[in-house]
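These notes concern the structure reproduced below.
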Amino acid sequence: MLRYFTTGESHGEALVAVLSGLPAGLKIDQSYLDRELWRRQQGYGRGGRMKIERDTAHILSGVRQGNTIGSPISILLENKDWKNWQESLPVGEGDPAKHKAVKSPRPGHADLAGALKYNFPEARYILERASARESAARVAIGAIAKLFLRELGIEVLSHVISVGGASLGEAEVPWDLIRPLAARQEILLSCADATVEAQMKEEVDKALKTGDSVGGVFEVVAHGVPPGLGTYAQWDERLDALLAGAVMSLQAVKAVEIGVGVSAATSMGSAVHDEIGYEGSSHTGFSRRGNHAGGVEGGISNGEEIRVRGYLKPISTLRRPLQSVDFATREPVKAAYERSDVCVVPAAGVAAEAMVALTLARGALEKFGGDSMGETLRNFQGYCEQIKNF
Ligand SMILES: Cc1cc2nc3c(=O)[nH]c(=O)nc-3n(C[C@H](O)[C@H](O)[C@H](O)COP(=O)(O)O)c2cc1C
C-alpha cells in the first residue's frame with residue numbers, strides 16, 4: 001500500500017517527506033521534482049518568503065542510480081530561511097528573550113484553536129506546522145507519484161478557474177489548453193484565458209493595495225485515467241471520497257467539487273448525466289457526450305478525465321489585520337502580522353495536483369499491485385486488454 005507523511009516546521013531547518021510502497025524500478029528525474037517544487041512557489045500575489053526559498057528535493061533514501069529500489073523514499077527540503085530563525089526557534093532551550101511569540105491569534109488561521117488544543121500561551125508553534133510551507137513536502141512526493149502515473153499513461157495538472165470576482169465561468173477548459181500552462185517559464189495566475197487572467201491580476205492588485213487577501217478556485221485534471229480505480233464496495237474506498245479528502249486536506253481549501261457537483265444539485269437529471277455511446281475512446285469502446293461527473297461514478301473512475309475543483313478561502317494573515325485579543329492580557333488588539341502571501345490559488349492548484357496524483361497512484365497500486373515496475377505494468381496492460389475486449 002502506498003503510504004506517505006510529512007514532517008517539518010515552516011521556519012525549522014527542513015521539511016521531510018516519506019513515501020513508502022512504490023514498486024522498484026521507477027526512473028526518478030530529479031529535475032522534474034525540482035520543477036514541480038518551483039511551480040508551487042510561483043504565482044502573482046506571493047509574499048517575500050517565496051523570494052528567499054528556492055526548493056530542491058534532496059533525496060535521502062529509496063532511490064539508487066536513478067531508480068526506486070522498493071524501499072521507502074525520503075526527501076529533504078531545506079528551509080533557506082532557517083538561518084534567520086536559528087536563535088528564535090532552536091531545537092535546544094536557547095535564549096527565551098530571542099523567541100518570536102505570536103501574541104494575538106489571526107482569525108482564519110490555526111492560531112487560537114491550536115494554542116487551546118496544545119496548551120501553548122501563544123501561537124508560534126501552531127503556525128509553524130499549520131503553515132502551508134508543509135505543502136512543498138507533499139509536492140515533492142506528489143512529483144514521484146506523477147512519474148509513476150506517467151508510466152500508466154496518466155497525467156495530472158491544474159489551472160485556475162477564478163480569483164476573487166474574476167472567473168472563467170462554467171465551460172470546461174480542454175486538456176490541450178491546460179497542458180501548456182505547466183510549461184510556462186513565468187507563472188502569473190495559471191489561467192487558460194489571457195483576458196480573464198488579466199482580470200484576476202487586477203483582483204490581486206486590489207487586495208495588495210488595500211492590505212487585504214483574496215481566494216479563488218482551481219481545478220485539477222487527471223488525464224488518461226483508466227476506468228476502474230476506487231470502488232463503491234466500502235465507504236472509505238470510494239475514489240470521490242478519497243479525492244475530496246486529499247484536496248480538502250490542503251491548507252485554506254474549504255470546499256471540493258467533483259465535475260459539476262455543485263450546480264448538479266440545482267439542475268434536472270437530464271441536464272447532468274453524461275449520455276453513453278460506443279464510438280471508441282482511449283481505454284474502451286464506450287464514450288460519453290460530456291463529463292459532468294468529473295470522471296467518477298459510483299466511487300469508481302469511469303475512464304473520463306477526473307476533474308476536481310478546490311475552493312480556496314482568502315489568506316488569513318492580513319496586512320490590515322482583523323480584530324483579535326492579546327493572548328496574555330485578553331485585551332482587544334489587532335491580529336498578528338507576519339510576512340504573508342496575498343493570493344495562492346495557482347500554488348494551491350499545484351499542491352492539489354500532488355494530492356490527486358498520490359491518491360490515484362495509491363488507487364492504481366491497489367488495483368494492479370506489483371513490487372517492480374515490470375510486474376505493475378504487466379498487470380496494468382493485462383487489465384487494459386481486458387477492458388478493451390470487454
Ligand atoms: C500554497 C499556500 C500558501 C499559503 N500561504 C499562506 C500565507 O502566506 N499566510 C497565511 O496566513 N496563510 C497561508 N496559507 C493558508 C494557511 O496555511 C491556512 O489558511 C491556515 O493554515 C489555516 O488552515 P485552514 O485555512 O485550512 O483552516 C497558504 C495556503 C496555501 C495552500
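Following the order of the C-alpha cells, first chain is A, next is B, and so on, with residues numbered from 1 inside each chain and ligands from 1 in the order they appear.
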key: Within 6 Å of ligand 1 (only C-alpha atoms and all ligand atoms), residues as an MDAnalysis selection string   = chainID A and resid 109:110 130:132 250:253 315:317 340:341 344 347:348
Take the residues from that selection and put them in a file with N, CA, C and O atoms, as a short mmCIF file (atom, residue, chain, number, x, y, z; two decimals), in the first residue's frame.
data_model
loop_
_atom_site.label_atom_id
_atom_site.label_comp_id
_atom_site.auth_asym_id
_atom_site.auth_seq_id
_atom_site.Cartn_x
_atom_site.Cartn_y
_atom_site.Cartn_z
N HIS A 109 -6.81 31.58 10.86
CA HIS A 109 -5.63 30.71 10.93
C HIS A 109 -5.83 29.70 12.06
O HIS A 109 -6.83 29.72 12.77
N ALA A 110 -4.85 28.82 12.24
CA ALA A 110 -4.98 27.78 13.27
C ALA A 110 -4.60 28.31 14.65
O ALA A 110 -4.69 27.57 15.65
N ALA A 130 1.08 24.47 11.06
CA ALA A 130 -0.17 24.66 10.30
C ALA A 130 0.13 25.33 8.95
O ALA A 130 -0.63 25.17 8.00
N SER A 131 1.24 26.05 8.88
CA SER A 131 1.59 26.80 7.66
C SER A 131 1.63 25.90 6.42
O SER A 131 2.04 24.74 6.48
N ALA A 132 1.27 26.50 5.29
CA ALA A 132 1.27 25.74 4.03
C ALA A 132 2.66 25.56 3.45
O ALA A 132 2.81 24.98 2.38
N LEU A 250 -5.62 20.16 2.10
CA LEU A 250 -4.67 21.27 1.87
C LEU A 250 -5.12 22.51 2.61
O LEU A 250 -6.32 22.83 2.66
N GLN A 251 -4.13 23.23 3.10
CA GLN A 251 -4.38 24.46 3.84
C GLN A 251 -5.22 25.43 3.01
O GLN A 251 -4.93 25.65 1.84
N ALA A 252 -6.25 25.97 3.60
CA ALA A 252 -7.12 27.02 3.03
C ALA A 252 -8.15 26.50 2.03
O ALA A 252 -8.98 27.28 1.56
N VAL A 253 -8.14 25.21 1.70
CA VAL A 253 -9.20 24.67 0.84
C VAL A 253 -10.43 24.43 1.72
O VAL A 253 -10.35 23.72 2.72
N ILE A 315 -6.41 34.21 2.11
CA ILE A 315 -5.36 34.06 3.12
C ILE A 315 -5.76 34.82 4.40
O ILE A 315 -6.31 35.91 4.33
N SER A 316 -5.45 34.22 5.55
CA SER A 316 -5.94 34.83 6.80
C SER A 316 -4.98 35.83 7.43
O SER A 316 -5.39 36.58 8.33
N THR A 317 -3.73 35.87 7.01
CA THR A 317 -2.81 36.90 7.54
C THR A 317 -2.99 38.16 6.70
O THR A 317 -2.70 38.16 5.50
N SER A 340 3.51 37.60 4.44
CA SER A 340 2.49 36.63 4.03
C SER A 340 2.15 36.76 2.55
O SER A 340 2.33 37.81 1.94
N ASP A 341 1.61 35.67 2.01
CA ASP A 341 1.06 35.70 0.66
C ASP A 341 -0.27 36.45 0.68
O ASP A 341 -0.94 36.54 1.71
N VAL A 344 -2.84 32.72 -3.37
CA VAL A 344 -2.06 31.49 -3.60
C VAL A 344 -2.82 30.48 -4.45
O VAL A 344 -2.53 29.28 -4.41
N ALA A 347 -0.65 28.23 -6.76
CA ALA A 347 0.22 27.36 -5.95
C ALA A 347 -0.59 26.25 -5.28
O ALA A 347 -0.16 25.09 -5.23
N ALA A 348 -1.77 26.61 -4.79
CA ALA A 348 -2.63 25.59 -4.17
C ALA A 348 -3.03 24.55 -5.22
O ALA A 348 -3.13 23.36 -4.91
#
request  = From a DSSP pass on the backbone, collect the residues of region 122-307 of chain A flagged as strand (DSSP E) and hand them back as number ranges by chain.
outcome  = A: 155-163, 166-167, 216-223, 253-258, 276-278, 286-288, 296-297, 300-301, 306-307
Write out the residues from the selection above, keeping N, CA, C and O atoms, as a tab-separated table (two decimals), in the first residue's frame.
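Wrote part.tsv, looks like this:
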chain	number	residue	atom	x	y	z
A	155	GLU	N	-1.65	11.68	-16.70
A	155	GLU	CA	-1.01	12.96	-16.36
A	155	GLU	C	-1.95	13.76	-15.47
A	155	GLU	O	-3.17	13.74	-15.67
A	156	VAL	N	-1.37	14.51	-14.53
A	156	VAL	CA	-2.18	15.31	-13.61
A	156	VAL	C	-1.68	16.75	-13.62
A	156	VAL	O	-0.50	17.00	-13.32
A	157	LEU	N	-2.56	17.69	-13.96
A	157	LEU	CA	-2.19	19.11	-13.96
A	157	LEU	C	-3.36	19.94	-13.42
A	157	LEU	O	-4.44	19.41	-13.16
A	158	SER	N	-3.13	21.26	-13.30
A	158	SER	CA	-4.20	22.11	-12.78
A	158	SER	C	-4.24	23.43	-13.53
A	158	SER	O	-3.29	23.78	-14.24
A	159	HIS	N	-5.33	24.15	-13.33
A	159	HIS	CA	-5.43	25.52	-13.85
A	159	HIS	C	-6.35	26.29	-12.91
A	159	HIS	O	-7.04	25.70	-12.06
A	160	VAL	N	-6.33	27.61	-13.07
A	160	VAL	CA	-7.11	28.43	-12.14
A	160	VAL	C	-8.40	28.87	-12.82
A	160	VAL	O	-8.40	29.38	-13.94
A	161	ILE	N	-9.50	28.66	-12.10
A	161	ILE	CA	-10.84	28.98	-12.63
A	161	ILE	C	-11.24	30.40	-12.21
A	161	ILE	O	-11.82	31.14	-12.99
A	162	SER	N	-10.93	30.76	-10.96
A	162	SER	CA	-11.30	32.11	-10.53
A	162	SER	C	-10.38	32.61	-9.44
A	162	SER	O	-9.78	31.83	-8.68
A	163	VAL	N	-10.24	33.94	-9.41
A	163	VAL	CA	-9.55	34.62	-8.31
A	163	VAL	C	-10.46	35.77	-7.91
A	163	VAL	O	-10.81	36.62	-8.75
A	166	ALA	N	-13.06	37.52	-10.42
A	166	ALA	CA	-12.72	37.26	-11.83
A	166	ALA	C	-12.76	35.76	-12.09
A	166	ALA	O	-12.03	34.99	-11.46
A	167	SER	N	-13.61	35.35	-13.05
A	167	SER	CA	-13.84	33.92	-13.25
A	167	SER	C	-13.93	33.53	-14.72
A	167	SER	O	-14.44	34.29	-15.54
A	216	GLY	N	-10.01	31.93	-4.26
A	216	GLY	CA	-10.40	31.58	-5.62
A	216	GLY	C	-10.62	30.08	-5.77
A	216	GLY	O	-10.72	29.35	-4.77
A	217	VAL	N	-10.68	29.65	-7.01
A	217	VAL	CA	-10.97	28.25	-7.31
A	217	VAL	C	-9.95	27.72	-8.32
A	217	VAL	O	-9.67	28.37	-9.32
A	218	PHE	N	-9.38	26.54	-8.02
A	218	PHE	CA	-8.52	25.87	-9.00
A	218	PHE	C	-9.19	24.57	-9.41
A	218	PHE	O	-10.08	24.07	-8.70
A	219	GLU	N	-8.75	24.04	-10.53
A	219	GLU	CA	-9.25	22.73	-10.96
A	219	GLU	C	-8.07	21.82	-11.27
A	219	GLU	O	-7.17	22.21	-12.02
A	220	VAL	N	-8.08	20.63	-10.71
A	220	VAL	CA	-7.07	19.63	-11.04
A	220	VAL	C	-7.69	18.67	-12.05
A	220	VAL	O	-8.82	18.22	-11.87
A	221	VAL	N	-6.93	18.38	-13.10
A	221	VAL	CA	-7.42	17.46	-14.13
A	221	VAL	C	-6.45	16.29	-14.24
A	221	VAL	O	-5.24	16.48	-14.42
A	222	ALA	N	-6.99	15.09	-14.12
A	222	ALA	CA	-6.18	13.88	-14.33
A	222	ALA	C	-6.60	13.28	-15.67
A	222	ALA	O	-7.77	12.90	-15.86
A	223	HIS	N	-5.66	13.24	-16.59
A	223	HIS	CA	-5.92	12.86	-17.98
A	223	HIS	C	-5.39	11.45	-18.23
A	223	HIS	O	-4.27	11.13	-17.83
A	253	VAL	N	-8.14	25.21	1.70
A	253	VAL	CA	-9.20	24.67	0.84
A	253	VAL	C	-10.43	24.43	1.72
A	253	VAL	O	-10.35	23.72	2.72
A	254	LYS	N	-11.53	25.04	1.35
A	254	LYS	CA	-12.72	24.95	2.20
A	254	LYS	C	-13.88	24.22	1.55
A	254	LYS	O	-14.90	23.97	2.19
A	255	ALA	N	-13.77	23.92	0.26
A	255	ALA	CA	-14.80	23.11	-0.40
A	255	ALA	C	-14.16	22.40	-1.59
A	255	ALA	O	-13.20	22.91	-2.17
A	256	VAL	N	-14.67	21.24	-1.90
A	256	VAL	CA	-14.16	20.46	-3.04
A	256	VAL	C	-15.36	20.04	-3.89
A	256	VAL	O	-16.41	19.67	-3.35
A	257	GLU	N	-15.18	20.10	-5.19
A	257	GLU	CA	-16.26	19.75	-6.10
A	257	GLU	C	-15.71	18.78	-7.15
A	257	GLU	O	-14.62	19.00	-7.69
A	258	ILE	N	-16.44	17.74	-7.43
A	258	ILE	CA	-16.02	16.81	-8.49
A	258	ILE	C	-16.96	16.99	-9.66
A	258	ILE	O	-18.20	16.97	-9.49
A	276	ILE	N	-24.32	7.87	-22.75
A	276	ILE	CA	-23.32	6.86	-23.13
A	276	ILE	C	-23.46	6.48	-24.59
A	276	ILE	O	-24.57	6.29	-25.08
A	277	GLY	N	-22.32	6.43	-25.27
A	277	GLY	CA	-22.31	5.96	-26.66
A	277	GLY	C	-21.23	4.89	-26.82
A	277	GLY	O	-20.59	4.47	-25.84
A	278	TYR	N	-21.04	4.45	-28.03
A	278	TYR	CA	-19.99	3.44	-28.28
A	278	TYR	C	-19.26	3.83	-29.55
A	278	TYR	O	-19.59	3.40	-30.65
A	286	PHE	N	-16.45	2.50	-25.16
A	286	PHE	CA	-17.55	3.36	-24.69
A	286	PHE	C	-17.14	4.83	-24.71
A	286	PHE	O	-15.98	5.16	-24.49
A	287	SER	N	-18.12	5.69	-24.97
A	287	SER	CA	-17.83	7.13	-24.99
A	287	SER	C	-18.94	7.88	-24.24
A	287	SER	O	-20.00	7.32	-23.97
A	288	ARG	N	-18.67	9.12	-23.93
A	288	ARG	CA	-19.64	9.95	-23.20
A	288	ARG	C	-19.87	11.24	-23.96
A	288	ARG	O	-18.94	11.77	-24.57
A	296	VAL	N	-15.82	10.34	-12.30
A	296	VAL	CA	-16.05	9.35	-11.23
A	296	VAL	C	-17.55	9.08	-11.13
A	296	VAL	O	-18.35	10.01	-11.00
A	297	GLU	N	-17.93	7.82	-11.21
A	297	GLU	CA	-19.33	7.41	-10.98
A	297	GLU	C	-19.30	6.22	-10.03
A	297	GLU	O	-18.53	5.28	-10.24
A	300	ILE	N	-16.00	5.06	-8.56
A	300	ILE	CA	-15.03	4.40	-9.46
A	300	ILE	C	-14.68	5.35	-10.59
A	300	ILE	O	-15.58	6.02	-11.14
A	301	SER	N	-13.42	5.41	-10.98
A	301	SER	CA	-13.07	6.19	-12.16
A	301	SER	C	-13.81	5.56	-13.35
A	301	SER	O	-13.89	4.33	-13.46
A	306	ILE	N	-10.58	12.97	-14.85
A	306	ILE	CA	-11.02	13.29	-13.49
A	306	ILE	C	-10.83	14.78	-13.28
A	306	ILE	O	-9.75	15.32	-13.54
A	307	ARG	N	-11.89	15.46	-12.87
A	307	ARG	CA	-11.84	16.91	-12.67
A	307	ARG	C	-12.30	17.23	-11.26
A	307	ARG	O	-13.45	16.98	-10.90
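The gap separating CA of Gly280 (chain A) from CA of Gln381 (chain A) is 17.9 Å, in Å to one decimal.
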Would you list the contacts of Pro180 (chain A) as a short mmCIF file (atom, residue, chain, number, x, y, z; two decimals) with N, CA and C atoms, in the first residue's frame, taking every protein, DNA or RNA residue within 12 Å and counting only C-alpha atoms, but skipping same-chain residues closer than 4 positions in sequence?
data_model
loop_
_atom_site.label_atom_id
_atom_site.label_comp_id
_atom_site.auth_asym_id
_atom_site.auth_seq_id
_atom_site.Cartn_x
_atom_site.Cartn_y
_atom_site.Cartn_z
N LEU A 157 -2.56 17.69 -13.96
CA LEU A 157 -2.19 19.11 -13.96
C LEU A 157 -3.36 19.94 -13.42
N SER A 158 -3.13 21.26 -13.30
CA SER A 158 -4.20 22.11 -12.78
C SER A 158 -4.24 23.43 -13.53
N HIS A 159 -5.33 24.15 -13.33
CA HIS A 159 -5.43 25.52 -13.85
C HIS A 159 -6.35 26.29 -12.91
N PRO A 174 -10.50 22.65 -22.04
CA PRO A 174 -9.93 21.39 -22.56
C PRO A 174 -8.48 21.16 -22.12
N TRP A 175 -8.13 19.90 -22.07
CA TRP A 175 -6.79 19.48 -21.65
C TRP A 175 -5.70 20.18 -22.46
N ASP A 176 -5.93 20.34 -23.75
CA ASP A 176 -4.93 20.96 -24.62
C ASP A 176 -4.60 22.40 -24.23
N ARG A 184 4.91 26.93 -18.79
CA ARG A 184 5.27 28.35 -18.82
C ARG A 184 6.50 28.62 -17.95
N GLN A 185 7.32 29.55 -18.42
CA GLN A 185 8.51 29.91 -17.62
C GLN A 185 8.18 31.02 -16.64
N GLU A 186 7.08 31.74 -16.93
CA GLU A 186 6.61 32.76 -15.98
C GLU A 186 5.18 32.45 -15.63
N ILE A 187 4.93 32.27 -14.36
CA ILE A 187 3.57 31.89 -13.97
C ILE A 187 2.91 33.08 -13.29
N SER A 190 -1.95 31.23 -13.80
CA SER A 190 -2.26 29.89 -14.36
C SER A 190 -3.68 29.78 -14.90
N CYS A 191 -4.11 30.83 -15.59
CA CYS A 191 -5.45 30.79 -16.18
C CYS A 191 -5.30 30.58 -17.69
N ALA A 192 -6.17 29.75 -18.24
CA ALA A 192 -6.06 29.40 -19.66
C ALA A 192 -6.53 30.52 -20.58
N ASP A 193 -7.19 31.54 -20.03
CA ASP A 193 -7.70 32.65 -20.84
C ASP A 193 -6.97 33.94 -20.42
#
Cut-off 7 Å: closest region 183-280 of chain A/region 357-378 of chain A atom pairs per residue, using only C-alpha atoms, as a tab-separated table:
residue	atom	partner	partner_atom	distance
A:Leu229	CA	A:Gly363	CA	5.6
A:Gly230	CA	A:Gly363	CA	6.0
A:Leu242	CA	A:Thr359	CA	6.9
A:Leu243	CA	A:Thr359	CA	6.5
request  = For region 210-212 of chain A, work out the shell of residues within 12 Å, counting only C-alpha atoms and skipping chain neighbours fewer than 6 positions away, then give it as a ChimeraX atom specification.
outcome  = /A:45,164,203-204,314-322,337,339-343
Selected residues written out, N, CA and C atoms, as a PDB file, in the first residue's frame:
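Produced file result.pdb, reproduced below:
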ATOM      1  N   GLY A  45       1.086  37.467  -6.405  1.00  0.00           N
ATOM      2  CA  GLY A  45       0.484  37.671  -5.091  1.00  0.00           C
ATOM      3  C   GLY A  45       1.167  36.883  -3.989  1.00  0.00           C
ATOM      4  N   GLY A 164     -10.899  35.786  -6.666  1.00  0.00           N
ATOM      5  CA  GLY A 164     -11.865  36.797  -6.245  1.00  0.00           C
ATOM      6  C   GLY A 164     -13.065  36.776  -7.180  1.00  0.00           C
ATOM      7  N   GLU A 203      -7.681  41.705  -9.470  1.00  0.00           N
ATOM      8  CA  GLU A 203      -8.244  41.328  -8.164  1.00  0.00           C
ATOM      9  C   GLU A 203      -7.135  41.250  -7.109  1.00  0.00           C
ATOM     10  N   VAL A 204      -5.987  40.686  -7.519  1.00  0.00           N
ATOM     11  CA  VAL A 204      -4.863  40.585  -6.566  1.00  0.00           C
ATOM     12  C   VAL A 204      -4.324  41.987  -6.268  1.00  0.00           C
ATOM     13  N   PRO A 314      -9.750  33.210   1.255  1.00  0.00           N
ATOM     14  CA  PRO A 314      -8.649  34.187   1.212  1.00  0.00           C
ATOM     15  C   PRO A 314      -7.666  33.913   2.348  1.00  0.00           C
ATOM     16  N   ILE A 315      -6.407  34.215   2.110  1.00  0.00           N
ATOM     17  CA  ILE A 315      -5.357  34.060   3.124  1.00  0.00           C
ATOM     18  C   ILE A 315      -5.759  34.819   4.401  1.00  0.00           C
ATOM     19  N   SER A 316      -5.448  34.222   5.553  1.00  0.00           N
ATOM     20  CA  SER A 316      -5.942  34.829   6.802  1.00  0.00           C
ATOM     21  C   SER A 316      -4.979  35.834   7.435  1.00  0.00           C
ATOM     22  N   THR A 317      -3.731  35.873   7.006  1.00  0.00           N
ATOM     23  CA  THR A 317      -2.812  36.898   7.537  1.00  0.00           C
ATOM     24  C   THR A 317      -2.991  38.156   6.700  1.00  0.00           C
ATOM     25  N   LEU A 318      -3.484  39.205   7.316  1.00  0.00           N
ATOM     26  CA  LEU A 318      -3.778  40.439   6.577  1.00  0.00           C
ATOM     27  C   LEU A 318      -2.831  41.553   7.009  1.00  0.00           C
ATOM     28  N   ARG A 319      -2.368  42.318   6.000  1.00  0.00           N
ATOM     29  CA  ARG A 319      -1.510  43.468   6.311  1.00  0.00           C
ATOM     30  C   ARG A 319      -2.322  44.528   7.075  1.00  0.00           C
ATOM     31  N   ARG A 320      -3.624  44.545   6.792  1.00  0.00           N
ATOM     32  CA  ARG A 320      -4.531  45.400   7.578  1.00  0.00           C
ATOM     33  C   ARG A 320      -5.315  44.443   8.482  1.00  0.00           C
ATOM     34  N   PRO A 321      -4.723  44.104   9.640  1.00  0.00           N
ATOM     35  CA  PRO A 321      -5.233  42.941  10.394  1.00  0.00           C
ATOM     36  C   PRO A 321      -6.638  43.134  10.959  1.00  0.00           C
ATOM     37  N   LEU A 322      -7.306  42.005  11.150  1.00  0.00           N
ATOM     38  CA  LEU A 322      -8.636  41.994  11.766  1.00  0.00           C
ATOM     39  C   LEU A 322      -8.501  42.058  13.279  1.00  0.00           C
ATOM     40  N   TYR A 337       0.694  40.100  12.518  1.00  0.00           N
ATOM     41  CA  TYR A 337       1.023  40.078  11.088  1.00  0.00           C
ATOM     42  C   TYR A 337       2.446  39.569  10.909  1.00  0.00           C
ATOM     43  N   ARG A 339       5.075  38.401   7.497  1.00  0.00           N
ATOM     44  CA  ARG A 339       5.184  38.373   6.032  1.00  0.00           C
ATOM     45  C   ARG A 339       4.316  37.251   5.438  1.00  0.00           C
ATOM     46  N   SER A 340       3.506  37.598   4.445  1.00  0.00           N
ATOM     47  CA  SER A 340       2.492  36.629   4.030  1.00  0.00           C
ATOM     48  C   SER A 340       2.148  36.756   2.548  1.00  0.00           C
ATOM     49  N   ASP A 341       1.610  35.665   2.010  1.00  0.00           N
ATOM     50  CA  ASP A 341       1.060  35.700   0.664  1.00  0.00           C
ATOM     51  C   ASP A 341      -0.266  36.454   0.682  1.00  0.00           C
ATOM     52  N   VAL A 342      -0.646  36.951  -0.488  1.00  0.00           N
ATOM     53  CA  VAL A 342      -1.926  37.655  -0.626  1.00  0.00           C
ATOM     54  C   VAL A 342      -2.892  36.813  -1.473  1.00  0.00           C
ATOM     55  N   CYS A 343      -2.320  36.057  -2.424  1.00  0.00           N
ATOM     56  CA  CYS A 343      -3.122  35.146  -3.264  1.00  0.00           C
ATOM     57  C   CYS A 343      -2.274  33.915  -3.578  1.00  0.00           C
TER      58      CYS A 343
END
task = Name the residues in contact with Ser71 (chain A) at a cut-off of 7 Å, using only C-alpha atoms, excluding same-chain residues fewer than 2 positions from it; report them as number ranges by chain.
result = A: 20, 62, 69, 73
Saved selection, atoms kept: N, CA, C and O atoms, as a tab-separated table (two decimals), in the first residue's frame:
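The result, written out as result_14.tsv:
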chain	number	residue	atom	x	y	z
A	20	SER	N	6.18	5.56	0.96
A	20	SER	CA	6.50	4.14	1.09
A	20	SER	C	5.51	3.31	0.27
A	20	SER	O	4.32	3.61	0.27
A	62	GLY	N	15.80	5.40	-0.75
A	62	GLY	CA	14.78	4.75	-1.59
A	62	GLY	C	15.03	4.87	-3.08
A	62	GLY	O	14.30	4.25	-3.87
A	69	ILE	N	14.03	1.68	-5.49
A	69	ILE	CA	14.50	0.31	-5.21
A	69	ILE	C	13.51	-0.45	-4.33
A	69	ILE	O	13.84	-1.48	-3.75
A	73	ILE	N	10.97	5.96	0.33
A	73	ILE	CA	11.69	7.12	-0.21
A	73	ILE	C	11.54	8.25	0.79
A	73	ILE	O	10.44	8.53	1.26
key: Top pick for closest residue to Thr231 (chain A), considering A:Gly290, A:Gly21, A:Gly259, A:Gly298 and counting only C-alpha atoms   =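 Ranked by minimum distance to Thr231 (chain A), first place goes to A:Gly298.
Neighbouring residues of region 87-94 of chain A at 10 Å or closer, counting only C-alpha atoms and skipping chain neighbours under 3 positions away, are A:Glu9, A:His11, A:Gly12, A:Glu13, A:Trp82, A:Lys83, A:Asn84, A:Ala97, A:Lys98, A:His99, A:Lys100, A:Ala101, A:Arg124, A:Tyr125, A:Glu128.
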Residues near Ala354 (chain A), cut-off 9 Å, only C-alpha atoms, skip fewer than 5 positions along chain, as number ranges by chain = A: 138-146, 156-157, 349, 359
Store the residues of this selection in a file with all heavy atoms, as a short mmCIF file (atom, residue, chain, number, x, y, z; two decimals), in the first residue's frame.
data_model
loop_
_atom_site.label_atom_id
_atom_site.label_comp_id
_atom_site.auth_asym_id
_atom_site.auth_seq_id
_atom_site.Cartn_x
_atom_site.Cartn_y
_atom_site.Cartn_z
N ARG A 138 4.62 17.81 0.24
CA ARG A 138 3.66 16.97 -0.49
C ARG A 138 3.93 17.03 -1.99
O ARG A 138 3.75 16.04 -2.71
CB ARG A 138 2.23 17.46 -0.23
CG ARG A 138 1.87 17.53 1.23
CD ARG A 138 0.39 17.56 1.34
NE ARG A 138 -0.09 18.34 2.48
CZ ARG A 138 -1.37 18.44 2.78
NH1 ARG A 138 -2.27 17.84 2.04
NH2 ARG A 138 -1.74 19.15 3.83
N VAL A 139 4.33 18.24 -2.46
CA VAL A 139 4.60 18.38 -3.89
C VAL A 139 5.80 17.51 -4.30
O VAL A 139 5.81 16.91 -5.38
CB VAL A 139 4.83 19.87 -4.25
CG1 VAL A 139 5.38 20.03 -5.67
CG2 VAL A 139 3.51 20.63 -4.11
N ALA A 140 6.79 17.40 -3.42
CA ALA A 140 7.98 16.59 -3.73
C ALA A 140 7.59 15.12 -3.93
O ALA A 140 7.98 14.50 -4.94
CB ALA A 140 9.02 16.73 -2.62
N ILE A 141 6.80 14.57 -3.01
CA ILE A 141 6.43 13.15 -3.18
C ILE A 141 5.32 13.00 -4.23
O ILE A 141 5.23 11.98 -4.91
CB ILE A 141 6.04 12.46 -1.85
CG1 ILE A 141 5.05 13.30 -1.05
CG2 ILE A 141 7.28 12.10 -1.04
CD1 ILE A 141 4.54 12.60 0.21
N GLY A 142 4.52 14.05 -4.37
CA GLY A 142 3.50 14.04 -5.43
C GLY A 142 4.15 13.96 -6.80
O GLY A 142 3.61 13.31 -7.71
N ALA A 143 5.31 14.59 -6.94
CA ALA A 143 6.01 14.54 -8.23
C ALA A 143 6.44 13.10 -8.53
O ALA A 143 6.40 12.66 -9.69
CB ALA A 143 7.23 15.46 -8.20
N ILE A 144 6.82 12.37 -7.50
CA ILE A 144 7.19 10.96 -7.72
C ILE A 144 5.95 10.15 -8.11
O ILE A 144 5.99 9.31 -9.01
CB ILE A 144 7.90 10.39 -6.47
CG1 ILE A 144 9.23 11.13 -6.30
CG2 ILE A 144 8.08 8.88 -6.59
CD1 ILE A 144 10.10 10.62 -5.19
N ALA A 145 4.83 10.46 -7.44
CA ALA A 145 3.57 9.77 -7.81
C ALA A 145 3.23 10.07 -9.27
O ALA A 145 2.76 9.20 -10.01
CB ALA A 145 2.44 10.22 -6.89
N LYS A 146 3.49 11.31 -9.70
CA LYS A 146 3.20 11.68 -11.09
C LYS A 146 4.09 10.90 -12.05
O LYS A 146 3.64 10.50 -13.14
CB LYS A 146 3.43 13.17 -11.30
CG LYS A 146 2.33 14.05 -10.76
CD LYS A 146 2.68 15.48 -11.13
CE LYS A 146 1.57 16.43 -10.84
NZ LYS A 146 1.82 17.74 -11.45
N VAL A 156 -1.37 14.51 -14.53
CA VAL A 156 -2.18 15.31 -13.61
C VAL A 156 -1.68 16.75 -13.62
O VAL A 156 -0.50 17.00 -13.32
CB VAL A 156 -2.10 14.75 -12.16
CG1 VAL A 156 -3.00 15.55 -11.22
CG2 VAL A 156 -2.45 13.27 -12.12
N LEU A 157 -2.56 17.69 -13.96
CA LEU A 157 -2.19 19.11 -13.96
C LEU A 157 -3.36 19.94 -13.42
O LEU A 157 -4.44 19.41 -13.16
CB LEU A 157 -1.83 19.56 -15.38
CG LEU A 157 -0.51 19.01 -15.93
CD1 LEU A 157 -0.35 19.34 -17.40
CD2 LEU A 157 0.70 19.54 -15.14
N GLY A 349 -3.22 25.00 -6.46
CA GLY A 349 -3.53 24.05 -7.54
C GLY A 349 -2.41 23.04 -7.73
O GLY A 349 -2.66 21.85 -7.90
N THR A 359 -3.23 10.14 -4.57
CA THR A 359 -4.47 9.35 -4.40
C THR A 359 -4.65 8.37 -5.57
O THR A 359 -5.00 7.20 -5.36
CB THR A 359 -5.68 10.32 -4.32
OG1 THR A 359 -5.43 11.25 -3.27
CG2 THR A 359 -6.97 9.57 -4.06
#
query = Smallest atom-to-atom distance to Pro227 (chain A): which of A:Lys313, A:Lys388, A:Arg330, A:Arg179, using only C-alpha atoms?
reply =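 Among A:Lys313, A:Lys388, A:Arg330, A:Arg179, it is A:Lys388 that comes nearest to Pro227 (chain A).
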